[in-house]
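Reviewing the structure listed below.
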Number of protein chains: 2
Amino acid sequence: MPVGDLSFPNMPAISRIKLSAVSAGIKKNNQLDLMLIEFPVDATVAGVFTQNAFCAAPVTICKQHITQHPRYILVNAGNANACTGEQGMAAALDCCRAVAANTSVSYQQVLPFSTGVIGEPLPAEKIINGVPALFTGLNETNWLLAAKGIMTTDTCPKGATSSFEYAGEMIVVNGISKGAGMINPNMATMLGFIATNATVKQSVLDSLSFNAANQSFNRITIDGDTSTNDSCILVAAGETRCVVEESSSDLYRLLETAVNDVYKTLAQAIVRDGEGATKFITVQVEAGTTANECLQVAYAIAHSPLVKTACFASDPNWGRIVAAIGYAGITSLNVNNIRVYLDDVLIVENGGRADSYHEEAGQAVMNNSEITLRVCLGRGDAIETIWTTDLSHEYVTINAEYRT
Amino acid sequence: MPVGDLSFPNMPAISRIKLSAVSAGIKKNNQLDLMLIEFPVDATVAGVFTQNAFCAAPVTICKQHITQHPRYILVNAGNANACTGEQGMAAALDCCRAVAANTSVSYQQVLPFSTGVIGEPLPAEKIINGVPALFTGLNETNWLLAAKGIMTTDTCPKGATSSFEYAGEMIVVNGISKGAGMINPNMATMLGFIATNATVKQSVLDSLSFNAANQSFNRITIDGDTSTNDSCILVAAGETRCVVEESSSDLYRLLETAVNDVYKTLAQAIVRDGEGATKFITVQVEAGTTANECLQVAYAIAHSPLVKTACFASDPNWGRIVAAIGYAGITSLNVNNIRVYLDDVLIVENGGRADSYHEEAGQAVMNNSEITLRVCLGRGDAIETIWTTDLSHEYVTINAEYRT
């Protein structure tokens with residue numbers, strides 16, 4: 001069960017962004033496993049992709065196709081088409097061709113995505129056979145259906161929406177995501193698909209997409225693993241009269257806020273539904289010399305199995321947090337200047353337990369399902385925040401027993 | 001239960017290296033928790049210490065005292081005296097003074113070590129009260145007792161010995177270690193104490209100690225955490241007529257082999273008895289451009305919770321290994337040149353599953369309790385090996401429930 005409320009929001013339709021999902025028989029029991037998004041010819045599209053050297057065949061193709069004025073996003077769940085060599089590339093291209101065959105677009109205008117087991121041949125025939133039904137089902141109101149169509153070990157569909165009015169026009173940002181393990185390269189992948197009706201210049205969309213992903217999907221971690229398939233796409237349908245051309249305009253700033261909100265909600269939803277998660281943990285590191293230094297400390301804490309198991313046990317075992325700070329690899333760290341807080345409870349200062357600290361106060365914080373671990377490095381102005389989960393028995397069960 | 005045979009070896013006495021251990025009441029139920037080693041005035045001593053910025057008070061003191069011709073090693077289990085500020089420093093020095101008061105040495109000639117809970121004040125009085133009984137018990141044959149005296153969550157005492165004859169003299173290397181979590185900053189610390197009767201020049205001993213630790217204690221990982229208290233000490237009693245003065249001599253090479261053997265056995269024993277360990281996993285990365293690159297890949301694999309849970313499940317889930325290689329951060333990695341083996345079974349080549357691979361062969365390897373994950377990067381001559389464990393339910397149980 002996810003941590004917090006992940007009920008799917010009421011998503012307004014975005015004109016000319018159509019979605020559908022069907023069961024193509026890749027997953028068992030007729031579960032939805034194939035999803036299509038169609039967007040208009042004047043849409044702009046931007047994306048960020050996994051840095052994993054073993055990036056999957058569809059990711060390699062997406063990076064090429066995204067510059068060819070894409071019109072379709074095709075996603076299959078149940079098979080990652082990763083570590084599948086030349087055969088995997090051919091299979092992904094065949095799927096793109098199947099979409100193109102139903103339309104007037106070229107196969108290079110189709111962005112393929114896959115999520116599921118690594119190293120198994122993609123069942124391209126099943127996908128190709130499913131494509132006509134996808135076109136039949138295309139509809140502007142299918143956001144929930146589409147979110148369901150990309151799930152793997154997710155326990156619920158994930159969506160977010162934000163809107164604002166500008167110069168008499170309603171501007172909408174909708175998004176869906178999937179995750180579960182982060183990654184679980186077995187049921188690989190974090191995916192995010194976000195669309196707006198706004199008209200956005202390509203270069204502006206690129207930076208919107210990059211910055212939003214950097215403050216959201218790139219700030220979450222469940223187990224420290226990075227998938228072969230992680231991708232996040234932002235589509236601007238080009239339906240509004242007003243055009244976002246400058247990243248200094250008022251409209252840009254309003255859109256940026258809405259986009260960032262949607263990205264952050266989608267990314268946090270992945271953590272809240274992380275495999276076996278019982279806690280949603282915010283790690284905030286402030287007063288660092290650089291943003292990078294803050295992130296180094298934040299990830300050391302967030303990746304520590306000892307911190308994570310202590311969170312699972314609701315144990316205010318601050319020694320483990322302090323040890324993680326200590327081995328994060330920050331040079332010339334003066335431990336006497338560091339303060340550590342559980343929510344607002346000061347636990348560590350002057351190189352040891354704070355005089356004011358009492359275990360009951362720490363215990364009260366740790367009993368909550370949402371916890372902020374805050375570290376003040378006392379050596380600069382940089383600040384960074386990431387989100388993670390605890391490490392539970394359920395995590396071990398899911399990941400030890402998944403393939404059996 | 002540890003993986004493999006950890007029965008304590010028959011350790012020969014080393015002349016003028018005396019040991020003892022008592023129960024000082026730091027741990028519950030009259031368990032041994034205080035240990036002393038005495039060595040002669042002409043001994044040379046070398047050590048390596050944790051790089052954790054929050055290094056514990058005793059570690060800070062050890063680093064100073066080790067240059068003052070140390071004569072005693074004093075170790076308490078049950079309390080790490082870490083993150084204890086000025087008070088912790090004073091307490092550790094008080095313990096050194098208690099040892100000095102029973103002898104003619106100065107307190108600066110005592111090396112203090114602590115292992116146990118972080119952030120709790122050291123019960124110095126209990127330790128000081130236990131010191132006289134430690135002196136009464138000093139004996140050259142007490143290696144097993146001493147190994148028991150430093151245990152925390154270890155399930156068994158850990159020892160190793162190696163010896164060889166040179167110029168009519170028998171040269172012995174004995175060692176004991178403790179670990180369990182690596183670290184578990186709650187029951188913090190990996191400790192190793194190794195002694196030889198050989199006469200070794202200080203500068204030679206320094207490099208012997210550094211190199212041996214680098215190929216053993218610095219090549220093991222259970223959960224990726226680095227303790228506030230990790231330390232490893234090498235004592236050369238100076239009992240032999242022949243002196244090891246040059247690192248190019250035959251005698252040096254024989255001694256180096258014996259010392260490395262003892263370090264490696266002690267370090268591997270810590271992994272074999274790692275918290276919740278059901279598998280002993282060797283990760284070997286070869287054909288890398290540099291040693292550092294090999295280590296980066298090896299640690300990415302060894303730290304991946306997904307690889308570790310797959311090992312726990314005896315699941316030949318090679319996609320997780322490949323994903324870890326991919327996100328290890330190696331620049332310009334050509335995945336088509338990489339080969340991955342489970343023991344001798346080739347599972348990945350040419351960017352995908354090897355044609356010759358069948359799951360039954362991988363399953364047969366994974367069913368073993370000792371497994372080698374071997375990665376051939378195909379881009380150089382460097383090779384590195386590290387050792388780790390799986391991630392089991394028992395690990396979560398131990399670390400989630402320890403303090404309760």
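In the structure tokens, each chain is lettered A, B, ... as it comes, each chain's residues begin at 1, and ligands are numbered from 1 in order of appearance.
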
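Residue-level contact on chain A: within 6 Å of chain B, counting only C-alpha atoms, the set is Asn52, Ala53, Phe54, Cys83, Thr84, Gly85, Ile118, Pro185, Thr309, Ala310, Ala313, Gly319, Arg320, Gly326, Tyr327, Gly351, Gly352, His393, Asn399 and Ala400 of chain A.
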
Give chain B as a compact mmCIF listing (two decimals) with C-alpha atoms, in the first residue's frame once it has been least-squares superposed onto chain A over every C-alpha atom, paired in order.
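Result saved to out_19.txt:
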# COMPACT_ATOMS: atom_id res chain seq x y z
CA MET B 1 -0.01 0.04 0.00
CA PRO B 2 1.47 3.40 -0.95
CA VAL B 3 2.47 5.95 1.69
CA GLY B 4 -0.02 8.82 1.58
CA ASP B 5 -2.91 9.53 -0.77
CA LEU B 6 -2.29 8.43 -4.36
CA SER B 7 -5.88 8.57 -5.58
CA PHE B 8 -5.91 9.46 -9.27
CA PRO B 9 -6.86 13.12 -9.82
CA ASN B 10 -9.66 14.34 -12.04
CA MET B 11 -7.68 15.06 -15.23
CA PRO B 12 -9.15 17.57 -17.71
CA ALA B 13 -8.90 16.64 -21.38
CA ILE B 14 -6.19 18.35 -23.40
CA SER B 15 -7.39 19.11 -26.88
CA ARG B 16 -5.74 16.90 -29.54
CA ILE B 17 -3.77 14.85 -26.95
CA LYS B 18 -5.38 11.42 -27.29
CA LEU B 19 -4.60 8.30 -25.33
CA SER B 20 -5.54 4.65 -25.24
CA ALA B 21 -4.46 1.39 -23.68
CA VAL B 22 -5.19 -2.25 -24.41
CA SER B 23 -4.16 -5.70 -23.29
CA ALA B 24 -1.78 -7.17 -25.87
CA GLY B 25 -1.03 -10.34 -23.94
CA ILE B 26 2.51 -9.41 -22.84
CA LYS B 27 1.48 -9.44 -19.19
CA LYS B 28 -0.62 -12.25 -17.77
CA ASN B 29 -4.37 -12.32 -17.08
CA ASN B 30 -5.38 -9.78 -19.75
CA GLN B 31 -3.84 -6.89 -17.86
CA LEU B 32 -3.41 -3.64 -19.77
CA ASP B 33 0.13 -3.63 -21.15
CA LEU B 34 0.17 -1.45 -24.28
CA MET B 35 -0.41 2.30 -24.35
CA LEU B 36 -0.48 4.93 -27.10
CA ILE B 37 -0.46 8.73 -26.96
CA GLU B 38 -1.14 10.79 -30.09
CA PHE B 39 -0.28 14.46 -30.34
CA PRO B 40 -0.80 17.06 -33.08
CA VAL B 41 1.61 17.89 -35.90
CA ASP B 42 2.54 21.25 -34.40
CA ALA B 43 3.41 19.83 -30.98
CA THR B 44 6.89 20.29 -29.54
CA VAL B 45 8.41 17.38 -27.63
CA ALA B 46 11.32 17.20 -25.17
CA GLY B 47 12.71 14.35 -23.09
CA VAL B 48 15.30 13.14 -20.64
CA PHE B 49 16.63 9.61 -20.72
CA THR B 50 18.56 7.18 -18.51
CA GLN B 51 22.32 7.62 -18.22
CA ASN B 52 22.76 3.86 -17.85
CA ALA B 53 25.42 2.63 -20.32
CA PHE B 54 23.27 -0.46 -20.93
CA CYS B 55 20.40 1.73 -22.12
CA ALA B 56 17.59 -0.27 -23.65
CA ALA B 57 16.92 -0.51 -27.41
CA PRO B 58 13.79 1.71 -27.27
CA VAL B 59 15.74 4.42 -25.41
CA THR B 60 18.42 4.43 -28.10
CA ILE B 61 15.72 4.78 -30.75
CA CYS B 62 13.80 7.46 -28.80
CA LYS B 63 16.91 9.61 -28.62
CA GLN B 64 17.06 9.55 -32.43
CA HIS B 65 13.32 9.87 -33.13
CA ILE B 66 12.71 12.72 -30.71
CA THR B 67 14.32 15.17 -33.15
CA GLN B 68 12.04 13.99 -36.04
CA HIS B 69 8.86 15.82 -34.94
CA PRO B 70 7.32 12.90 -33.07
CA ARG B 71 3.58 12.29 -33.22
CA TYR B 72 3.15 9.13 -31.14
CA ILE B 73 4.34 7.61 -27.90
CA LEU B 74 4.04 3.81 -27.79
CA VAL B 75 4.66 2.07 -24.46
CA ASN B 76 4.62 -1.59 -23.61
CA ALA B 77 4.77 -2.99 -20.08
CA GLY B 78 5.96 -6.49 -19.18
CA ASN B 79 9.18 -6.52 -21.21
CA ALA B 80 11.99 -3.94 -21.10
CA ASN B 81 13.61 -4.83 -24.43
CA ALA B 82 16.93 -4.15 -22.67
CA CYS B 83 20.15 -6.12 -23.20
CA THR B 84 18.61 -7.61 -26.29
CA GLY B 85 21.31 -6.57 -28.79
CA GLU B 86 20.60 -5.99 -32.49
CA GLN B 87 17.49 -8.13 -32.35
CA GLY B 88 16.03 -5.78 -29.73
CA MET B 89 16.66 -2.74 -31.93
CA ALA B 90 14.93 -4.41 -34.86
CA ALA B 91 11.96 -5.40 -32.71
CA ALA B 92 11.51 -1.86 -31.38
CA LEU B 93 11.65 -0.43 -34.90
CA ASP B 94 9.07 -2.99 -36.05
CA CYS B 95 6.72 -1.68 -33.36
CA CYS B 96 7.28 1.91 -34.55
CA ARG B 97 6.50 0.80 -38.11
CA ALA B 98 3.26 -0.83 -36.94
CA VAL B 99 2.12 2.51 -35.51
CA ALA B 100 3.18 4.36 -38.67
CA ALA B 101 1.25 1.87 -40.82
CA ASN B 102 -1.99 3.00 -39.16
CA THR B 103 -1.33 6.66 -39.91
CA SER B 104 0.32 9.03 -42.32
CA VAL B 105 3.41 9.57 -40.16
CA SER B 106 6.80 7.96 -40.66
CA TYR B 107 8.07 5.35 -38.22
CA GLN B 108 10.72 7.87 -37.10
CA GLN B 109 7.88 9.97 -35.66
CA VAL B 110 7.03 7.25 -33.14
CA LEU B 111 8.75 7.19 -29.74
CA PRO B 112 8.90 3.63 -28.38
CA PHE B 113 9.14 2.80 -24.63
CA SER B 114 9.38 -0.55 -22.91
CA THR B 115 9.28 -1.51 -19.25
CA GLY B 116 9.50 -4.95 -17.72
CA VAL B 117 11.91 -7.86 -17.59
CA ILE B 118 15.45 -7.25 -18.88
CA GLY B 119 17.10 -9.58 -21.36
CA GLU B 120 14.02 -11.31 -22.70
CA PRO B 121 13.25 -10.91 -26.44
CA LEU B 122 10.49 -8.34 -27.01
CA PRO B 123 7.26 -10.07 -28.12
CA ALA B 124 6.97 -7.63 -31.03
CA GLU B 125 4.22 -9.61 -32.74
CA LYS B 126 1.89 -9.24 -29.76
CA ILE B 127 2.55 -5.49 -29.74
CA ILE B 128 2.05 -5.15 -33.50
CA ASN B 129 -1.21 -7.09 -33.26
CA GLY B 130 -2.38 -4.75 -30.51
CA VAL B 131 -1.76 -1.51 -32.41
CA PRO B 132 -5.05 -1.32 -34.39
CA ALA B 133 -7.09 -1.59 -31.19
CA LEU B 134 -4.96 1.20 -29.70
CA PHE B 135 -5.96 3.50 -32.55
CA THR B 136 -9.63 2.58 -32.17
CA GLY B 137 -9.49 3.53 -28.51
CA LEU B 138 -7.73 6.91 -28.82
CA ASN B 139 -9.56 9.49 -26.75
CA GLU B 140 -8.71 12.78 -25.01
CA THR B 141 -10.23 11.59 -21.74
CA ASN B 142 -8.20 8.39 -21.34
CA TRP B 143 -5.53 9.61 -18.90
CA LEU B 144 -6.45 7.10 -16.18
CA LEU B 145 -6.58 4.25 -18.67
CA ALA B 146 -3.19 5.25 -20.05
CA ALA B 147 -1.72 5.38 -16.53
CA LYS B 148 -2.99 1.86 -15.94
CA GLY B 149 -1.53 0.70 -19.24
CA ILE B 150 2.08 1.41 -18.20
CA MET B 151 2.05 -0.15 -14.71
CA THR B 152 4.41 -2.97 -13.77
CA THR B 153 4.84 -3.66 -10.05
CA ASP B 154 3.10 -0.37 -9.26
CA THR B 155 0.18 -0.91 -6.91
CA CYS B 156 -1.82 1.97 -8.38
CA PRO B 157 -1.94 4.26 -11.44
CA LYS B 158 -0.19 7.59 -10.94
CA GLY B 159 -1.36 10.94 -12.27
CA ALA B 160 -1.01 14.64 -11.60
CA THR B 161 -2.54 17.77 -13.07
CA SER B 162 -2.15 21.52 -12.70
CA SER B 163 -3.74 24.42 -14.52
CA PHE B 164 -3.86 28.20 -14.59
CA GLU B 165 -5.48 30.95 -16.62
CA TYR B 166 -3.43 33.36 -18.71
CA ALA B 167 -4.72 36.04 -21.08
CA GLY B 168 -8.18 34.44 -21.13
CA GLU B 169 -6.89 30.96 -21.93
CA MET B 170 -6.86 27.97 -19.56
CA ILE B 171 -3.50 26.26 -19.62
CA VAL B 172 -3.41 22.65 -18.43
CA VAL B 173 -0.52 20.34 -17.57
CA ASN B 174 -1.34 16.62 -17.19
CA GLY B 175 1.03 13.78 -16.45
CA ILE B 176 1.22 10.09 -15.67
CA SER B 177 4.11 8.03 -14.31
CA LYS B 178 5.10 4.53 -13.32
CA GLY B 179 7.87 3.25 -11.13
CA ALA B 180 7.77 0.88 -8.19
CA GLY B 181 11.37 -0.15 -7.78
CA MET B 182 13.75 2.61 -8.62
CA ILE B 183 14.74 0.92 -10.51
CA ASN B 184 13.90 -2.64 -10.43
CA PRO B 185 15.84 -3.61 -13.53
CA ASN B 186 13.80 -6.74 -13.57
CA MET B 187 10.53 -4.90 -13.92
CA ALA B 188 12.62 -2.06 -15.12
CA THR B 189 11.94 1.58 -15.25
CA MET B 190 10.65 4.84 -14.14
CA LEU B 191 8.55 6.44 -16.91
CA GLY B 192 6.85 9.81 -16.98
CA PHE B 193 4.67 11.27 -19.74
CA ILE B 194 3.59 14.87 -19.30
CA ALA B 195 1.59 17.01 -21.72
CA THR B 196 0.31 20.56 -21.86
CA ASN B 197 -1.97 22.38 -24.29
CA ALA B 198 0.45 25.33 -24.24
CA THR B 199 2.37 26.43 -27.30
CA VAL B 200 6.04 26.25 -26.35
CA LYS B 201 9.10 26.94 -28.46
CA GLN B 202 11.38 23.90 -28.72
CA SER B 203 14.39 25.41 -26.94
CA VAL B 204 12.20 26.63 -24.08
CA LEU B 205 10.53 23.23 -23.78
CA ASP B 206 13.93 21.55 -23.67
CA SER B 207 15.01 23.58 -20.68
CA LEU B 208 11.58 23.25 -19.00
CA SER B 209 11.83 19.47 -19.36
CA PHE B 210 15.44 19.27 -18.21
CA ASN B 211 14.96 21.48 -15.17
CA ALA B 212 11.68 19.87 -14.10
CA ALA B 213 13.16 16.35 -14.33
CA ASN B 214 16.22 17.48 -12.44
CA GLN B 215 14.13 18.70 -9.52
CA SER B 216 11.86 15.66 -9.45
CA PHE B 217 12.67 12.37 -11.21
CA ASN B 218 16.37 12.99 -10.65
CA ARG B 219 15.81 13.64 -6.94
CA ILE B 220 14.17 10.39 -5.96
CA THR B 221 15.74 7.09 -5.02
CA ILE B 222 14.35 3.87 -3.68
CA ASP B 223 17.27 1.49 -3.88
CA GLY B 224 19.95 3.54 -5.62
CA ASP B 225 19.72 1.60 -8.85
CA THR B 226 19.32 3.42 -12.18
CA SER B 227 17.27 1.69 -14.83
CA THR B 228 18.22 0.81 -18.38
CA ASN B 229 14.91 2.33 -19.48
CA ASP B 230 14.17 5.43 -17.37
CA SER B 231 12.64 8.16 -19.52
CA CYS B 232 10.51 11.22 -19.08
CA ILE B 233 8.77 13.05 -21.96
CA LEU B 234 7.16 16.48 -22.07
CA VAL B 235 4.77 17.31 -24.93
CA ALA B 236 3.44 20.80 -25.68
CA ALA B 237 0.42 20.42 -27.94
CA GLY B 238 0.57 23.95 -29.32
CA GLU B 239 -3.13 24.66 -28.76
CA THR B 240 -2.89 28.09 -27.15
CA ARG B 241 -2.65 31.40 -28.97
CA CYS B 242 -0.06 32.76 -26.59
CA VAL B 243 3.33 31.25 -27.21
CA VAL B 244 6.01 30.57 -24.61
CA GLU B 245 9.08 31.88 -26.40
CA GLU B 246 11.23 33.35 -23.65
CA SER B 247 12.25 31.77 -20.40
CA SER B 248 12.05 35.21 -18.77
CA SER B 249 8.36 35.87 -19.46
CA ASP B 250 5.55 35.81 -16.89
CA LEU B 251 3.82 33.09 -18.85
CA TYR B 252 6.99 30.98 -18.75
CA ARG B 253 7.17 31.30 -15.00
CA LEU B 254 3.53 30.30 -14.55
CA LEU B 255 3.97 27.34 -16.87
CA GLU B 256 7.22 26.37 -15.18
CA THR B 257 5.50 26.29 -11.79
CA ALA B 258 2.69 24.10 -13.14
CA VAL B 259 5.11 21.76 -14.94
CA ASN B 260 7.37 21.47 -11.90
CA ASP B 261 4.36 20.73 -9.70
CA VAL B 262 3.22 17.92 -11.96
CA TYR B 263 6.74 16.43 -12.28
CA LYS B 264 7.27 16.59 -8.53
CA THR B 265 3.94 14.98 -7.71
CA LEU B 266 4.55 12.22 -10.26
CA ALA B 267 8.08 11.58 -9.00
CA GLN B 268 6.99 11.55 -5.36
CA ALA B 269 4.16 9.19 -6.27
CA ILE B 270 6.79 6.71 -7.49
CA VAL B 271 8.52 6.91 -4.10
CA ARG B 272 5.23 6.67 -2.17
CA ASP B 273 4.49 3.49 -4.11
CA GLY B 274 8.10 2.23 -3.89
CA GLU B 275 8.51 -1.49 -3.44
CA GLY B 276 7.71 -2.35 0.15
CA ALA B 277 7.69 1.32 1.19
CA THR B 278 6.17 2.03 4.60
CA LYS B 279 7.70 5.52 4.99
CA PHE B 280 8.03 8.55 2.72
CA ILE B 281 11.33 10.16 3.67
CA THR B 282 12.46 13.64 2.68
CA VAL B 283 16.22 14.15 2.99
CA GLN B 284 17.12 17.84 3.03
CA VAL B 285 20.74 18.92 3.18
CA GLU B 286 21.38 22.62 3.63
CA ALA B 287 24.23 25.07 4.22
CA GLY B 288 26.55 23.13 1.94
CA THR B 289 29.30 24.69 -0.15
CA THR B 290 27.78 23.46 -3.42
CA ALA B 291 24.58 21.78 -4.58
CA ASN B 292 26.65 18.76 -5.52
CA GLU B 293 28.03 18.46 -2.00
CA CYS B 294 24.51 18.61 -0.57
CA LEU B 295 23.39 15.88 -2.96
CA GLN B 296 26.38 13.71 -2.05
CA VAL B 297 25.39 13.81 1.61
CA ALA B 298 21.68 13.40 0.83
CA TYR B 299 22.26 10.31 -1.31
CA ALA B 300 24.69 8.79 1.21
CA ILE B 301 21.87 8.99 3.77
CA ALA B 302 19.12 7.91 1.38
CA HIS B 303 21.11 4.90 0.11
CA SER B 304 22.27 3.67 3.50
CA PRO B 305 20.57 0.32 4.18
CA LEU B 306 21.15 1.02 7.87
CA VAL B 307 19.31 4.36 7.80
CA LYS B 308 16.55 2.76 5.73
CA THR B 309 16.06 -0.23 8.02
CA ALA B 310 16.04 2.11 11.06
CA CYS B 311 13.28 4.14 9.37
CA PHE B 312 11.37 0.91 8.71
CA ALA B 313 11.63 0.15 12.43
CA SER B 314 10.63 3.74 13.37
CA ASP B 315 13.90 3.80 15.30
CA PRO B 316 15.44 7.27 15.90
CA ASN B 317 18.86 5.68 15.40
CA TRP B 318 20.66 8.93 14.60
CA GLY B 319 24.12 7.34 14.77
CA ARG B 320 23.42 5.77 11.39
CA ILE B 321 22.55 9.15 9.86
CA VAL B 322 25.71 10.69 11.28
CA ALA B 323 27.85 7.79 10.00
CA ALA B 324 26.38 8.23 6.51
CA ILE B 325 27.19 11.96 6.56
CA GLY B 326 30.71 11.06 7.67
CA TYR B 327 31.40 8.69 4.79
CA ALA B 328 29.72 10.78 2.08
CA GLY B 329 33.16 11.83 0.93
CA ILE B 330 32.99 15.57 1.68
CA THR B 331 36.48 17.00 2.07
CA SER B 332 37.42 19.07 5.13
CA LEU B 333 34.10 18.42 6.82
CA ASN B 334 34.07 19.92 10.30
CA VAL B 335 31.73 17.66 12.21
CA ASN B 336 31.43 20.18 15.02
CA ASN B 337 29.53 22.54 12.71
CA ILE B 338 26.96 19.97 11.63
CA ARG B 339 23.42 19.91 12.94
CA VAL B 340 21.02 17.04 12.28
CA TYR B 341 17.25 17.24 12.73
CA LEU B 342 14.41 14.73 12.65
CA ASP B 343 11.64 17.02 11.38
CA ASP B 344 12.17 19.99 13.74
CA VAL B 345 13.82 18.01 16.53
CA LEU B 346 17.53 18.84 16.85
CA ILE B 347 19.38 15.59 17.51
CA VAL B 348 23.06 16.28 16.77
CA GLU B 349 25.30 19.31 17.26
CA ASN B 350 28.91 19.98 18.35
CA GLY B 351 29.99 16.53 17.19
CA GLY B 352 27.59 14.66 19.44
CA ARG B 353 24.05 14.29 20.68
CA ALA B 354 22.38 17.65 21.29
CA ASP B 355 21.96 18.46 24.96
CA SER B 356 18.32 19.29 24.38
CA TYR B 357 17.58 15.96 22.68
CA HIS B 358 15.42 13.33 24.30
CA GLU B 359 14.71 10.03 22.62
CA GLU B 360 10.94 10.45 23.14
CA ALA B 361 10.97 13.49 20.82
CA GLY B 362 12.87 11.57 18.14
CA GLN B 363 10.62 8.56 18.59
CA ALA B 364 7.52 10.71 18.08
CA VAL B 365 8.87 11.88 14.71
CA MET B 366 9.94 8.41 13.59
CA ASN B 367 6.49 6.99 14.35
CA ASN B 368 5.08 9.11 11.51
CA SER B 369 4.80 7.70 8.00
CA GLU B 370 6.27 10.90 6.52
CA ILE B 371 9.62 11.98 7.95
CA THR B 372 12.11 14.72 7.11
CA LEU B 373 15.79 14.05 7.84
CA ARG B 374 17.44 17.45 7.79
CA VAL B 375 21.19 18.03 7.83
CA CYS B 376 22.75 21.45 8.21
CA LEU B 377 26.39 21.27 7.07
CA GLY B 378 27.20 24.77 8.34
CA ARG B 379 29.61 25.69 5.56
CA GLY B 380 27.74 27.45 2.75
CA ASP B 381 24.45 28.46 1.15
CA ALA B 382 23.58 25.52 -1.08
CA ILE B 383 20.51 23.41 -0.35
CA GLU B 384 19.15 20.23 -1.94
CA THR B 385 16.20 17.94 -1.26
CA ILE B 386 15.61 14.36 -2.30
CA TRP B 387 12.93 11.79 -1.49
CA THR B 388 13.27 8.15 -0.63
CA THR B 389 11.70 5.22 1.22
CA ASP B 390 12.58 2.86 4.01
CA LEU B 391 13.91 -0.68 3.49
CA SER B 392 11.36 -3.21 4.63
CA HIS B 393 10.88 -6.96 4.67
CA GLU B 394 8.38 -6.43 1.89
CA TYR B 395 11.13 -4.91 -0.29
CA VAL B 396 13.24 -8.05 0.15
CA THR B 397 10.24 -10.26 -0.49
CA ILE B 398 9.26 -8.44 -3.68
CA ASN B 399 12.79 -8.38 -5.07
CA ALA B 400 13.84 -11.83 -3.94
CA GLU B 401 10.74 -13.59 -5.08
CA TYR B 402 9.63 -11.67 -8.12
CA ARG B 403 10.72 -14.01 -10.88
CA THR B 404 9.58 -17.19 -9.14

As a ChimeraX atom specification, please: every residue in region 87-283 of chain A that DSSP puts in strand (DSSP E or B).
/A:110-117,139,158-166,169-178,191-196,199-200,220-221,231-236,243-244,280-283
